[in-house]
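Below is entry_13.cif, holding mmCIF, C-alpha atoms.
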```cif
data_work
loop_
_atom_site.label_atom_id
_atom_site.label_comp_id
_atom_site.auth_asym_id
_atom_site.auth_seq_id
_atom_site.Cartn_x
_atom_site.Cartn_y
_atom_site.Cartn_z
CA MET R 3 -14.49 209.59 145.46
CA VAL R 4 -12.12 208.99 148.32
CA ALA R 5 -8.65 207.86 147.30
CA TRP R 6 -6.94 205.37 149.62
CA THR R 7 -3.24 204.60 149.40
CA ASP R 8 -2.24 200.96 149.81
CA ALA R 9 -0.64 201.87 153.12
CA GLU R 10 -3.93 203.38 154.32
CA ARG R 11 -5.95 200.34 153.25
CA ASN R 12 -3.50 198.05 155.01
CA ALA R 13 -3.56 200.16 158.16
CA ILE R 14 -7.37 200.28 158.31
CA THR R 15 -7.92 196.58 157.61
CA SER R 16 -5.15 195.47 159.94
CA VAL R 17 -6.51 197.66 162.77
CA PHE R 18 -9.98 196.28 162.20
CA ALA R 19 -8.73 192.68 162.22
CA LYS R 20 -7.32 193.26 165.72
CA LEU R 21 -10.57 194.63 167.18
CA ASN R 22 -12.86 192.55 169.37
CA PRO R 23 -16.43 193.27 168.21
CA ASP R 24 -17.85 192.37 171.63
CA VAL R 25 -15.68 195.01 173.27
CA VAL R 26 -15.07 197.94 170.96
CA GLY R 27 -18.62 198.82 169.94
CA PRO R 28 -20.18 198.54 173.42
CA ASN R 29 -17.26 200.36 175.07
CA ALA R 30 -17.30 203.20 172.51
CA LEU R 31 -21.04 203.76 172.75
CA ALA R 32 -20.92 203.68 176.56
CA ARG R 33 -18.10 206.22 176.48
CA CYS R 34 -20.07 208.51 174.19
CA LEU R 35 -23.05 208.44 176.60
CA ILE R 36 -20.76 209.13 179.58
CA VAL R 37 -18.38 211.71 178.11
CA TYR R 38 -21.10 213.55 176.14
CA PRO R 39 -24.18 213.06 178.35
CA TRP R 40 -26.59 214.90 176.05
CA THR R 41 -26.33 211.94 173.67
CA GLN R 42 -28.34 209.93 176.20
CA ARG R 43 -31.45 211.68 174.89
CA TYR R 44 -31.46 209.36 171.88
CA PHE R 45 -31.55 206.25 174.05
CA SER R 46 -34.38 206.79 176.51
CA LYS R 47 -35.79 203.38 175.52
CA PHE R 48 -32.63 201.78 176.89
CA GLY R 49 -33.72 202.20 180.49
CA ASN R 50 -31.23 202.99 183.20
CA LEU R 51 -28.50 205.43 182.01
CA TYR R 52 -28.10 207.54 185.11
CA SER R 53 -24.47 206.74 185.99
CA ALA R 54 -21.29 205.48 184.36
CA GLU R 55 -21.74 202.08 186.06
CA THR R 56 -25.30 201.63 184.87
CA ILE R 57 -24.39 202.71 181.35
CA LEU R 58 -21.45 200.30 181.24
CA GLY R 59 -23.66 197.51 182.60
CA ASN R 60 -26.69 198.26 180.41
CA PRO R 61 -27.29 195.30 178.03
CA MET R 62 -29.20 197.43 175.50
CA VAL R 63 -26.24 199.83 175.23
CA ALA R 64 -23.92 196.85 174.71
CA ALA R 65 -26.21 195.34 172.08
CA HIS R 66 -26.47 198.61 170.21
CA GLY R 67 -22.71 199.08 170.43
CA LYS R 68 -22.34 195.81 168.54
CA VAL R 69 -24.82 197.01 165.91
CA VAL R 70 -22.72 200.16 165.42
CA PHE R 71 -19.60 198.02 165.12
CA GLY R 72 -21.35 195.96 162.44
CA GLY R 73 -21.92 199.18 160.51
CA LEU R 74 -18.22 199.97 160.76
CA GLU R 75 -17.42 196.51 159.46
CA MET R 76 -19.56 197.22 156.39
CA ALA R 77 -17.50 200.33 155.75
CA VAL R 78 -14.19 198.49 156.07
CA LYS R 79 -15.42 195.92 153.53
CA ASN R 80 -16.54 198.72 151.15
CA LEU R 81 -13.75 201.28 151.48
CA ASP R 82 -14.25 202.39 147.88
CA ASP R 83 -17.94 203.09 148.20
CA ILE R 84 -18.67 204.16 151.74
CA LYS R 85 -21.03 206.88 150.49
CA LYS R 86 -23.43 204.44 148.87
CA THR R 87 -22.96 201.78 151.55
CA PHE R 88 -24.16 204.22 154.23
CA ALA R 89 -26.91 205.98 152.27
CA PRO R 90 -29.77 203.95 153.86
CA LEU R 91 -28.26 204.34 157.37
CA SER R 92 -27.88 208.06 156.79
CA GLU R 93 -31.50 208.37 155.76
CA LEU R 94 -32.58 206.33 158.80
CA HIS R 95 -30.65 208.53 161.25
CA SER R 96 -31.95 211.71 159.59
CA GLU R 97 -35.55 210.92 158.73
CA LYS R 98 -36.55 208.44 161.40
CA LEU R 99 -34.19 208.82 164.35
CA HIS R 100 -33.54 212.60 164.04
CA VAL R 101 -30.00 212.34 165.33
CA ASP R 102 -27.98 215.57 165.21
CA PRO R 103 -25.12 214.65 162.87
CA ASP R 104 -22.55 216.38 165.13
CA ASN R 105 -22.96 213.34 167.36
CA PHE R 106 -21.50 211.02 164.72
CA ARG R 107 -18.18 212.80 165.11
CA LEU R 108 -18.34 212.42 168.90
CA LEU R 109 -19.01 208.69 168.62
CA ALA R 110 -16.22 208.40 166.04
CA ASP R 111 -13.83 210.10 168.49
CA CYS R 112 -14.85 207.64 171.22
CA ILE R 113 -14.34 204.70 168.84
CA THR R 114 -10.84 206.02 168.04
CA ILE R 115 -9.99 206.28 171.74
CA VAL R 116 -11.15 202.70 172.40
CA VAL R 117 -9.23 201.46 169.36
CA ALA R 118 -6.13 203.30 170.62
CA SER R 119 -6.48 201.67 174.02
CA GLN R 120 -6.90 198.21 172.45
CA LEU R 121 -3.92 198.54 170.13
CA GLY R 122 -1.51 200.36 172.45
CA SER R 123 1.80 201.08 170.80
CA ALA R 124 0.59 199.45 167.55
CA PHE R 125 -1.60 202.55 167.13
CA THR R 126 1.25 204.58 165.68
CA ALA R 127 0.83 208.10 164.31
CA GLU R 128 0.64 206.77 160.75
CA VAL R 129 -1.99 204.22 161.68
CA GLN R 130 -3.88 206.93 163.57
CA ALA R 131 -3.83 209.14 160.46
CA ALA R 132 -5.31 206.39 158.27
CA TRP R 133 -7.89 205.40 160.90
CA GLN R 134 -9.05 209.00 161.46
CA LYS R 135 -9.36 209.53 157.71
CA PHE R 136 -11.52 206.39 157.58
CA MET R 137 -13.71 207.59 160.46
CA ALA R 138 -14.06 211.03 158.80
CA VAL R 139 -15.29 209.36 155.59
CA VAL R 140 -17.73 207.17 157.56
CA VAL R 141 -19.09 210.23 159.41
CA SER R 142 -19.40 212.10 156.13
CA GLY R 143 -21.30 209.16 154.59
CA LEU R 144 -23.70 209.17 157.56
CA CYS R 145 -24.29 212.93 157.26
CA ARG R 146 -24.86 212.88 153.56
CA GLN R 147 -28.63 212.29 153.41
CA TYR R 148 -29.41 215.06 155.89
CA HIS R 149 -31.08 218.15 154.53
CA MET L 4 -14.99 229.86 186.87
CA VAL L 5 -14.76 226.18 186.09
CA GLU L 6 -16.21 223.82 188.69
CA TRP L 7 -14.44 220.54 189.32
CA THR L 8 -15.95 217.67 191.31
CA GLU L 9 -13.67 215.74 193.66
CA ALA L 10 -13.92 212.77 191.32
CA GLU L 11 -12.80 214.89 188.37
CA ARG L 12 -9.82 216.28 190.28
CA ARG L 13 -8.79 212.78 191.29
CA ALA L 14 -9.21 211.48 187.75
CA ILE L 15 -7.09 214.25 186.23
CA GLU L 16 -4.36 213.80 188.83
CA SER L 17 -4.42 210.02 188.38
CA VAL L 18 -3.84 210.38 184.65
CA TRP L 19 -1.03 212.88 185.28
CA GLU L 20 0.68 210.56 187.77
CA LYS L 21 0.62 207.65 185.34
CA ILE L 22 2.05 209.36 182.28
CA ASP L 23 5.69 210.02 181.39
CA ILE L 24 5.69 213.50 179.87
CA ASN L 25 9.00 212.75 178.15
CA VAL L 26 7.24 210.01 176.17
CA ILE L 27 3.71 211.36 175.78
CA GLY L 28 4.79 214.88 174.77
CA PRO L 29 6.95 213.87 171.81
CA GLN L 30 4.47 211.23 170.62
CA ALA L 31 1.52 213.60 170.77
CA LEU L 32 3.30 216.36 168.89
CA GLU L 33 4.56 213.86 166.28
CA SER L 34 0.97 212.63 165.86
CA VAL L 35 -0.32 216.15 165.24
CA LEU L 36 2.33 216.79 162.58
CA ILE L 37 1.57 213.46 160.88
CA VAL L 38 -2.23 213.26 161.23
CA TYR L 39 -2.80 216.97 160.51
CA PRO L 40 0.08 217.82 158.19
CA TRP L 41 -0.82 221.50 157.81
CA THR L 42 0.37 222.00 161.38
CA GLN L 43 3.92 221.49 160.11
CA ARG L 44 3.81 225.07 158.85
CA TYR L 45 4.40 226.31 162.39
CA PHE L 46 7.61 224.37 162.77
CA GLY L 47 9.66 225.49 159.78
CA VAL L 48 12.69 226.06 162.03
CA PHE L 49 12.62 222.42 163.16
CA GLY L 50 14.32 221.20 159.99
CA ASN L 51 13.37 217.91 158.40
CA LEU L 52 9.65 217.12 158.67
CA SER L 53 9.42 215.61 155.19
CA SER L 54 8.29 212.11 156.19
CA VAL L 55 6.87 210.13 159.11
CA SER L 56 10.32 208.81 160.03
CA ALA L 57 11.83 212.27 159.74
CA ILE L 58 9.20 213.62 162.13
CA THR L 59 9.48 210.78 164.65
CA GLY L 60 13.29 211.04 164.55
CA ASN L 61 13.44 214.83 164.80
CA PRO L 62 15.01 215.87 168.14
CA LYS L 63 13.51 219.39 168.01
CA VAL L 64 10.01 217.91 167.72
CA ALA L 65 10.71 215.66 170.68
CA ALA L 66 12.09 218.54 172.74
CA HIS L 67 9.10 220.73 171.96
CA GLY L 68 6.71 217.90 172.80
CA LYS L 69 8.25 217.72 176.26
CA THR L 70 7.91 221.51 176.62
CA VAL L 71 4.20 221.32 175.79
CA LEU L 72 3.51 218.54 178.30
CA LYS L 73 5.46 220.30 181.02
CA ALA L 74 3.25 223.34 180.44
CA LEU L 75 0.18 221.09 180.74
CA GLY L 76 1.47 220.19 184.20
CA SER L 77 0.96 223.83 185.24
CA GLY L 78 -2.71 223.40 184.44
CA VAL L 79 -2.94 220.19 186.49
CA LYS L 80 -1.41 222.02 189.47
CA ASN L 81 -3.67 225.07 189.05
CA LEU L 82 -7.03 223.53 188.21
CA ASP L 83 -8.85 226.44 189.84
CA ASP L 84 -7.11 229.13 187.83
CA ILE L 85 -6.25 227.74 184.45
CA LYS L 86 -7.28 230.99 182.78
CA SER L 87 -4.56 233.10 184.39
CA THR L 88 -2.06 230.21 184.34
CA TYR L 89 -2.11 230.28 180.54
CA ALA L 90 -2.66 233.99 179.89
CA LYS L 91 0.96 234.62 178.90
CA LEU L 92 1.19 231.49 176.76
CA SER L 93 -2.05 232.50 175.05
CA GLU L 94 -0.64 235.92 174.23
CA LEU L 95 2.59 234.35 172.96
CA HIS L 96 0.74 231.96 170.63
CA SER L 97 -1.50 234.72 169.36
CA GLU L 98 0.76 237.74 169.07
CA LYS L 99 4.16 236.23 168.37
CA LEU L 100 3.62 232.73 166.99
CA ASN L 101 0.34 233.45 165.16
CA VAL L 102 -0.98 229.92 165.72
CA ASP L 103 -4.56 229.27 164.60
CA PRO L 104 -6.25 228.28 167.89
CA ASP L 105 -8.15 225.43 166.16
CA ASN L 106 -4.83 223.61 166.29
CA PHE L 107 -4.85 223.56 170.09
CA ARG L 108 -7.89 221.28 169.93
CA LEU L 109 -6.11 218.98 167.46
CA LEU L 110 -3.07 218.71 169.74
CA ALA L 111 -5.36 218.11 172.73
CA ASP L 112 -7.07 215.27 170.81
CA CYS L 113 -3.70 213.70 169.98
CA ILE L 114 -2.57 213.94 173.61
CA THR L 115 -5.77 212.13 174.64
CA ILE L 116 -5.28 209.40 172.03
CA VAL L 117 -1.63 208.79 173.00
CA ILE L 118 -2.67 208.62 176.66
CA SER L 119 -5.32 206.07 175.71
CA THR L 120 -2.70 203.89 174.00
CA LYS L 121 -0.62 203.90 177.19
CA LEU L 122 -3.24 203.71 179.93
CA ALA L 123 -5.67 201.34 178.12
CA ALA L 124 -8.38 200.18 180.53
CA ALA L 125 -7.18 202.62 183.21
CA PHE L 126 -8.42 205.36 180.88
CA SER L 127 -11.98 204.48 181.76
CA PRO L 128 -14.97 206.48 180.43
CA ASP L 129 -15.22 208.48 183.68
CA VAL L 130 -11.53 209.32 183.56
CA GLN L 131 -11.78 210.19 179.87
CA ALA L 132 -14.67 212.56 180.60
CA ALA L 133 -12.69 214.39 183.30
CA TRP L 134 -9.51 214.50 181.22
CA GLN L 135 -11.31 215.86 178.15
CA LYS L 136 -13.00 218.50 180.29
CA PHE L 137 -9.57 219.50 181.59
CA LEU L 138 -8.12 219.76 178.09
CA ASP L 139 -11.16 221.76 176.92
CA VAL L 140 -10.50 224.28 179.70
CA VAL L 141 -6.79 224.45 178.80
CA VAL L 142 -7.59 224.95 175.09
CA SER L 143 -10.11 227.63 176.00
CA ALA L 144 -7.52 229.45 178.14
CA LEU L 145 -4.95 229.26 175.36
CA SER L 146 -7.47 230.74 172.94
CA ARG L 147 -8.52 233.51 175.31
CA GLU L 148 -6.01 236.26 174.48
CA TYR L 149 -6.73 236.01 170.78
CA HIS L 150 -8.58 238.88 169.20
#
```
Please, can you express the file's structure as structure tokens?
Amino acid sequence: MVAWTDAERNAITSVFAKLNPDVVGPNALARCLIVYPWTQRYFSKFGNLYSAETILGNPMVAAHGKVVFGGLEMAVKNLDDIKKTFAPLSELHSEKLHVDPDNFRLLADCITIVVASQLGSAFTAEVQAAWQKFMAVVVSGLCRQYH
Amino acid sequence: MVEWTEAERRAIESVWEKIDINVIGPQALESVLIVYPWTQRYFGVFGNLSSVSAITGNPKVAAHGKTVLKALGSGVKNLDDIKSTYAKLSELHSEKLNVDPDNFRLLADCITIVISTKLAAAFSPDVQAAWQKFLDVVVSALSREYH
């Protein structure tokens, strides 16, 4: 089981409290599709993804970004049992959606960059360390049901 | 050889113009030492790295951070020949300093995150894509003389 110090819990929950759910999720997912274009293959049902502008303006990308953010919120509320919390999502992404789990790390990196840009100087090195540990645990939880 | 579009060149230069290497360098190196503590092993001669405040207050860390970012500037000015620009530095890090090249990627990630905290919305997805491509090429060049 993952051990969190009080400082780490505080850092993660205080970062999360500052995030705008209508901005972070959509922006992070759009970034992932732009910076790592092969990830677009999972979203062919979303219509027009052929340029950065269309991706950033695509309402289905935005909607799904908010869904992803909701998943992150679940993790923040269940820091002590992220593994179990994400077991059904992990199974879904493995069995039904067939997403290469490497892509979770890429999306996590994009989320971190958006969070950094939202928080500015409040995203200190210590806060970054706690946040990246959190994202690593989330990614690990999502990879867990793959076989 | 690496191909750069005009848009990518402009994006990389626009990031470089906006950042203060005397601020970004130290912060990025401090982040690496804090977020990935095993990297501290390479800096035994820097003295006190025993806590976050020791690291962020350490003048040798700050000085070396500036050195690293100044060297990154060579890459910005020689986008079409990053490989030979960094050949000597690659040899130094491999033969003399014995740095595991995985750590270059970690430092590159921290540089990107610190830039995101400073540039915020100006670090748009397109700009992020170009910047990350640039850092990938730099990391690859630094890893090249290893054997």
Residues matched by the PyMOL selection byres ((chain L) within 12 of (chain R)), written as a PDB file with C-alpha atoms, keeping the file's coordinate frame:
```pdb
ATOM      1  CA  VAL L  26       7.240 210.010 176.170  1.00  0.00           C
ATOM      2  CA  ILE L  27       3.710 211.360 175.780  1.00  0.00           C
ATOM      3  CA  PRO L  29       6.950 213.870 171.810  1.00  0.00           C
ATOM      4  CA  GLN L  30       4.470 211.230 170.620  1.00  0.00           C
ATOM      5  CA  ALA L  31       1.520 213.600 170.770  1.00  0.00           C
ATOM      6  CA  LEU L  32       3.300 216.360 168.890  1.00  0.00           C
ATOM      7  CA  GLU L  33       4.560 213.860 166.280  1.00  0.00           C
ATOM      8  CA  SER L  34       0.970 212.630 165.860  1.00  0.00           C
ATOM      9  CA  VAL L  35      -0.320 216.150 165.240  1.00  0.00           C
ATOM     10  CA  LEU L  36       2.330 216.790 162.580  1.00  0.00           C
ATOM     11  CA  ILE L  37       1.570 213.460 160.880  1.00  0.00           C
ATOM     12  CA  VAL L  38      -2.230 213.260 161.230  1.00  0.00           C
ATOM     13  CA  TYR L  39      -2.800 216.970 160.510  1.00  0.00           C
ATOM     14  CA  PRO L  40       0.080 217.820 158.190  1.00  0.00           C
ATOM     15  CA  SER L  54       8.290 212.110 156.190  1.00  0.00           C
ATOM     16  CA  VAL L  55       6.870 210.130 159.110  1.00  0.00           C
ATOM     17  CA  SER L  56      10.320 208.810 160.030  1.00  0.00           C
ATOM     18  CA  ILE L  58       9.200 213.620 162.130  1.00  0.00           C
ATOM     19  CA  THR L  59       9.480 210.780 164.650  1.00  0.00           C
ATOM     20  CA  LEU L 109      -6.110 218.980 167.460  1.00  0.00           C
ATOM     21  CA  ASP L 112      -7.070 215.270 170.810  1.00  0.00           C
ATOM     22  CA  CYS L 113      -3.700 213.700 169.980  1.00  0.00           C
ATOM     23  CA  ILE L 114      -2.570 213.940 173.610  1.00  0.00           C
ATOM     24  CA  THR L 115      -5.770 212.130 174.640  1.00  0.00           C
ATOM     25  CA  ILE L 116      -5.280 209.400 172.030  1.00  0.00           C
ATOM     26  CA  VAL L 117      -1.630 208.790 173.000  1.00  0.00           C
ATOM     27  CA  ILE L 118      -2.670 208.620 176.660  1.00  0.00           C
ATOM     28  CA  SER L 119      -5.320 206.070 175.710  1.00  0.00           C
ATOM     29  CA  THR L 120      -2.700 203.890 174.000  1.00  0.00           C
ATOM     30  CA  LYS L 121      -0.620 203.900 177.190  1.00  0.00           C
ATOM     31  CA  LEU L 122      -3.240 203.710 179.930  1.00  0.00           C
ATOM     32  CA  ALA L 123      -5.670 201.340 178.120  1.00  0.00           C
ATOM     33  CA  ALA L 124      -8.380 200.180 180.530  1.00  0.00           C
ATOM     34  CA  ALA L 125      -7.180 202.620 183.210  1.00  0.00           C
ATOM     35  CA  PHE L 126      -8.420 205.360 180.880  1.00  0.00           C
ATOM     36  CA  SER L 127     -11.980 204.480 181.760  1.00  0.00           C
ATOM     37  CA  PRO L 128     -14.970 206.480 180.430  1.00  0.00           C
ATOM     38  CA  ASP L 129     -15.220 208.480 183.680  1.00  0.00           C
ATOM     39  CA  VAL L 130     -11.530 209.320 183.560  1.00  0.00           C
ATOM     40  CA  GLN L 131     -11.780 210.190 179.870  1.00  0.00           C
ATOM     41  CA  ALA L 132     -14.670 212.560 180.600  1.00  0.00           C
ATOM     42  CA  ALA L 133     -12.690 214.390 183.300  1.00  0.00           C
ATOM     43  CA  TRP L 134      -9.510 214.500 181.220  1.00  0.00           C
ATOM     44  CA  GLN L 135     -11.310 215.860 178.150  1.00  0.00           C
ATOM     45  CA  LYS L 136     -13.000 218.500 180.290  1.00  0.00           C
TER      46      LYS L 136
END
```
**Message:** Translate the PyMOL selection byres ((chain L and resi 77-83) around 9) into a concrete residue list for this structure, as JSON, numbers by chain.
**Reply:** {"L": [4, 5, 6, 7, 12, 15, 16, 19, 73, 74, 75, 76, 84, 85, 86, 88, 89, 137, 141]}
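What the PyMOL selection byres ((chain L and resi 102) around 10) grabs from this file is Thr42, Arg44, Tyr45, Ser93, Leu95, His96, Ser97, Glu98, Lys99, Leu100, Asn101, Asp103, Pro104, Asp105, Asn106, Phe107, Ser146 and Tyr149 of chain L.
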12 Å contact set for Cys145 in chain R, all atoms listed in the file, chain neighbours under 4 positions out, as a PDB file with C-alpha atoms, keeping the file's coordinate frame:
```pdb
ATOM      1  CA  ILE R  84     -18.670 204.160 151.740  1.00  0.00           C
ATOM      2  CA  LYS R  85     -21.030 206.880 150.490  1.00  0.00           C
ATOM      3  CA  LYS R  86     -23.430 204.440 148.870  1.00  0.00           C
ATOM      4  CA  PHE R  88     -24.160 204.220 154.230  1.00  0.00           C
ATOM      5  CA  ALA R  89     -26.910 205.980 152.270  1.00  0.00           C
ATOM      6  CA  PRO R  90     -29.770 203.950 153.860  1.00  0.00           C
ATOM      7  CA  LEU R  91     -28.260 204.340 157.370  1.00  0.00           C
ATOM      8  CA  SER R  92     -27.880 208.060 156.790  1.00  0.00           C
ATOM      9  CA  GLU R  93     -31.500 208.370 155.760  1.00  0.00           C
ATOM     10  CA  LEU R  94     -32.580 206.330 158.800  1.00  0.00           C
ATOM     11  CA  HIS R  95     -30.650 208.530 161.250  1.00  0.00           C
ATOM     12  CA  SER R  96     -31.950 211.710 159.590  1.00  0.00           C
ATOM     13  CA  GLU R  97     -35.550 210.920 158.730  1.00  0.00           C
ATOM     14  CA  HIS R 100     -33.540 212.600 164.040  1.00  0.00           C
ATOM     15  CA  VAL R 101     -30.000 212.340 165.330  1.00  0.00           C
ATOM     16  CA  ASP R 102     -27.980 215.570 165.210  1.00  0.00           C
ATOM     17  CA  PRO R 103     -25.120 214.650 162.870  1.00  0.00           C
ATOM     18  CA  ASP R 104     -22.550 216.380 165.130  1.00  0.00           C
ATOM     19  CA  ASN R 105     -22.960 213.340 167.360  1.00  0.00           C
ATOM     20  CA  PHE R 106     -21.500 211.020 164.720  1.00  0.00           C
ATOM     21  CA  ARG R 107     -18.180 212.800 165.110  1.00  0.00           C
ATOM     22  CA  ALA R 138     -14.060 211.030 158.800  1.00  0.00           C
ATOM     23  CA  VAL R 139     -15.290 209.360 155.590  1.00  0.00           C
ATOM     24  CA  VAL R 140     -17.730 207.170 157.560  1.00  0.00           C
ATOM     25  CA  VAL R 141     -19.090 210.230 159.410  1.00  0.00           C
ATOM     26  CA  HIS R 149     -31.080 218.150 154.530  1.00  0.00           C
TER      27      HIS R 149
END
```
Would you pick out the contacts of range 75-81 of chain R at 12 Å or less, using all atoms listed in the file, so that residues sharing its chain but fewer than 6 positions from it are not included, and give the list as a tab-separated table (two decimals) with C-alpha atoms, in the frame of the given file?
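The resulting file, around11.tsv, is reproduced below:
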```tsv
chain	number	residue	atom	x	y	z
R	3	MET	CA	-14.49	209.59	145.46
R	4	VAL	CA	-12.12	208.99	148.32
R	5	ALA	CA	-8.65	207.86	147.30
R	6	TRP	CA	-6.94	205.37	149.62
R	7	THR	CA	-3.24	204.60	149.40
R	8	ASP	CA	-2.24	200.96	149.81
R	10	GLU	CA	-3.93	203.38	154.32
R	11	ARG	CA	-5.95	200.34	153.25
R	12	ASN	CA	-3.50	198.05	155.01
R	13	ALA	CA	-3.56	200.16	158.16
R	14	ILE	CA	-7.37	200.28	158.31
R	15	THR	CA	-7.92	196.58	157.61
R	16	SER	CA	-5.15	195.47	159.94
R	17	VAL	CA	-6.51	197.66	162.77
R	18	PHE	CA	-9.98	196.28	162.20
R	19	ALA	CA	-8.73	192.68	162.22
R	21	LEU	CA	-10.57	194.63	167.18
R	22	ASN	CA	-12.86	192.55	169.37
R	23	PRO	CA	-16.43	193.27	168.21
R	26	VAL	CA	-15.07	197.94	170.96
R	27	GLY	CA	-18.62	198.82	169.94
R	68	LYS	CA	-22.34	195.81	168.54
R	69	VAL	CA	-24.82	197.01	165.91
R	87	THR	CA	-22.96	201.78	151.55
R	88	PHE	CA	-24.16	204.22	154.23
R	89	ALA	CA	-26.91	205.98	152.27
R	91	LEU	CA	-28.26	204.34	157.37
R	132	ALA	CA	-5.31	206.39	158.27
R	133	TRP	CA	-7.89	205.40	160.90
R	135	LYS	CA	-9.36	209.53	157.71
R	136	PHE	CA	-11.52	206.39	157.58
R	137	MET	CA	-13.71	207.59	160.46
R	138	ALA	CA	-14.06	211.03	158.80
R	139	VAL	CA	-15.29	209.36	155.59
R	140	VAL	CA	-17.73	207.17	157.56
R	141	VAL	CA	-19.09	210.23	159.41
R	142	SER	CA	-19.40	212.10	156.13
R	143	GLY	CA	-21.30	209.16	154.59
R	144	LEU	CA	-23.70	209.17	157.56
```
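The space separating CA of Val48 in chain L from CA of Gly68 in chain L comes to 14.8 Å.
Coordinates place CA of Val64 in chain L at a distance of 10.4 Å from CA of Gln43 in chain L.
CA of Val71 in chain L is positioned 12.7 Å from CA of Asp23 in chain L.
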Using all atoms of range 83-101 of chain L that appear in the file, construct an axis-aligned enclosing box with 5 Å of padding on every side and provide its centre coordinates and edge lengths in Å, rounded to one decimal, as JSON.
```
{"center_x": -2.3, "center_y": 232.1, "center_z": 177.5, "size_x": 23.0, "size_y": 21.3, "size_z": 34.7}
```
Kindly write range 55-69 of chain R with N, CA and C atoms to a file, as a JSON list (two decimals), in the first residue's frame.
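Produced file result-v6.json, reproduced below:
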```
[["chain", "number", "residue", "atom", "x", "y", "z"],
["R", 55, "GLU", "N", -5.93, 23.70, -33.45],
["R", 55, "GLU", "CA", -7.14, 24.52, -33.24],
["R", 55, "GLU", "C", -8.39, 23.66, -33.15],
["R", 56, "THR", "N", -8.51, 22.68, -34.07],
["R", 56, "THR", "CA", -9.74, 21.89, -34.06],
["R", 56, "THR", "C", -9.79, 21.01, -32.81],
["R", 57, "ILE", "N", -8.62, 20.52, -32.38],
["R", 57, "ILE", "CA", -8.60, 19.71, -31.16],
["R", 57, "ILE", "C", -9.02, 20.55, -29.96],
["R", 58, "LEU", "N", -8.44, 21.77, -29.87],
["R", 58, "LEU", "CA", -8.76, 22.64, -28.74],
["R", 58, "LEU", "C", -10.22, 23.09, -28.76],
["R", 59, "GLY", "N", -10.81, 23.14, -29.98],
["R", 59, "GLY", "CA", -12.21, 23.57, -30.08],
["R", 59, "GLY", "C", -13.20, 22.43, -30.10],
["R", 60, "ASN", "N", -12.71, 21.19, -30.06],
["R", 60, "ASN", "CA", -13.60, 20.03, -30.20],
["R", 60, "ASN", "C", -14.37, 19.77, -28.91],
["R", 61, "PRO", "N", -15.71, 19.86, -28.95],
["R", 61, "PRO", "CA", -16.50, 19.72, -27.71],
["R", 61, "PRO", "C", -16.44, 18.32, -27.11],
["R", 62, "MET", "N", -16.22, 17.28, -27.99],
["R", 62, "MET", "CA", -16.15, 15.93, -27.43],
["R", 62, "MET", "C", -14.84, 15.73, -26.66],
["R", 63, "VAL", "N", -13.76, 16.38, -27.15],
["R", 63, "VAL", "CA", -12.48, 16.31, -26.42],
["R", 63, "VAL", "C", -12.66, 16.98, -25.05],
["R", 64, "ALA", "N", -13.30, 18.16, -25.07],
["R", 64, "ALA", "CA", -13.50, 18.90, -23.82],
["R", 64, "ALA", "C", -14.33, 18.07, -22.84],
["R", 65, "ALA", "N", -15.41, 17.47, -23.36],
["R", 65, "ALA", "CA", -16.29, 16.68, -22.48],
["R", 65, "ALA", "C", -15.51, 15.50, -21.89],
["R", 66, "HIS", "N", -14.72, 14.85, -22.74],
["R", 66, "HIS", "CA", -13.99, 13.70, -22.21],
["R", 66, "HIS", "C", -12.89, 14.12, -21.25],
["R", 67, "GLY", "N", -12.33, 15.30, -21.48],
["R", 67, "GLY", "CA", -11.34, 15.85, -20.54],
["R", 67, "GLY", "C", -11.95, 16.00, -19.15],
["R", 68, "LYS", "N", -13.20, 16.43, -19.11],
["R", 68, "LYS", "CA", -13.87, 16.58, -17.81],
["R", 68, "LYS", "C", -14.12, 15.22, -17.16],
["R", 69, "VAL", "N", -14.42, 14.22, -17.98],
["R", 69, "VAL", "CA", -14.61, 12.86, -17.45],
["R", 69, "VAL", "C", -13.31, 12.38, -16.80]]
```
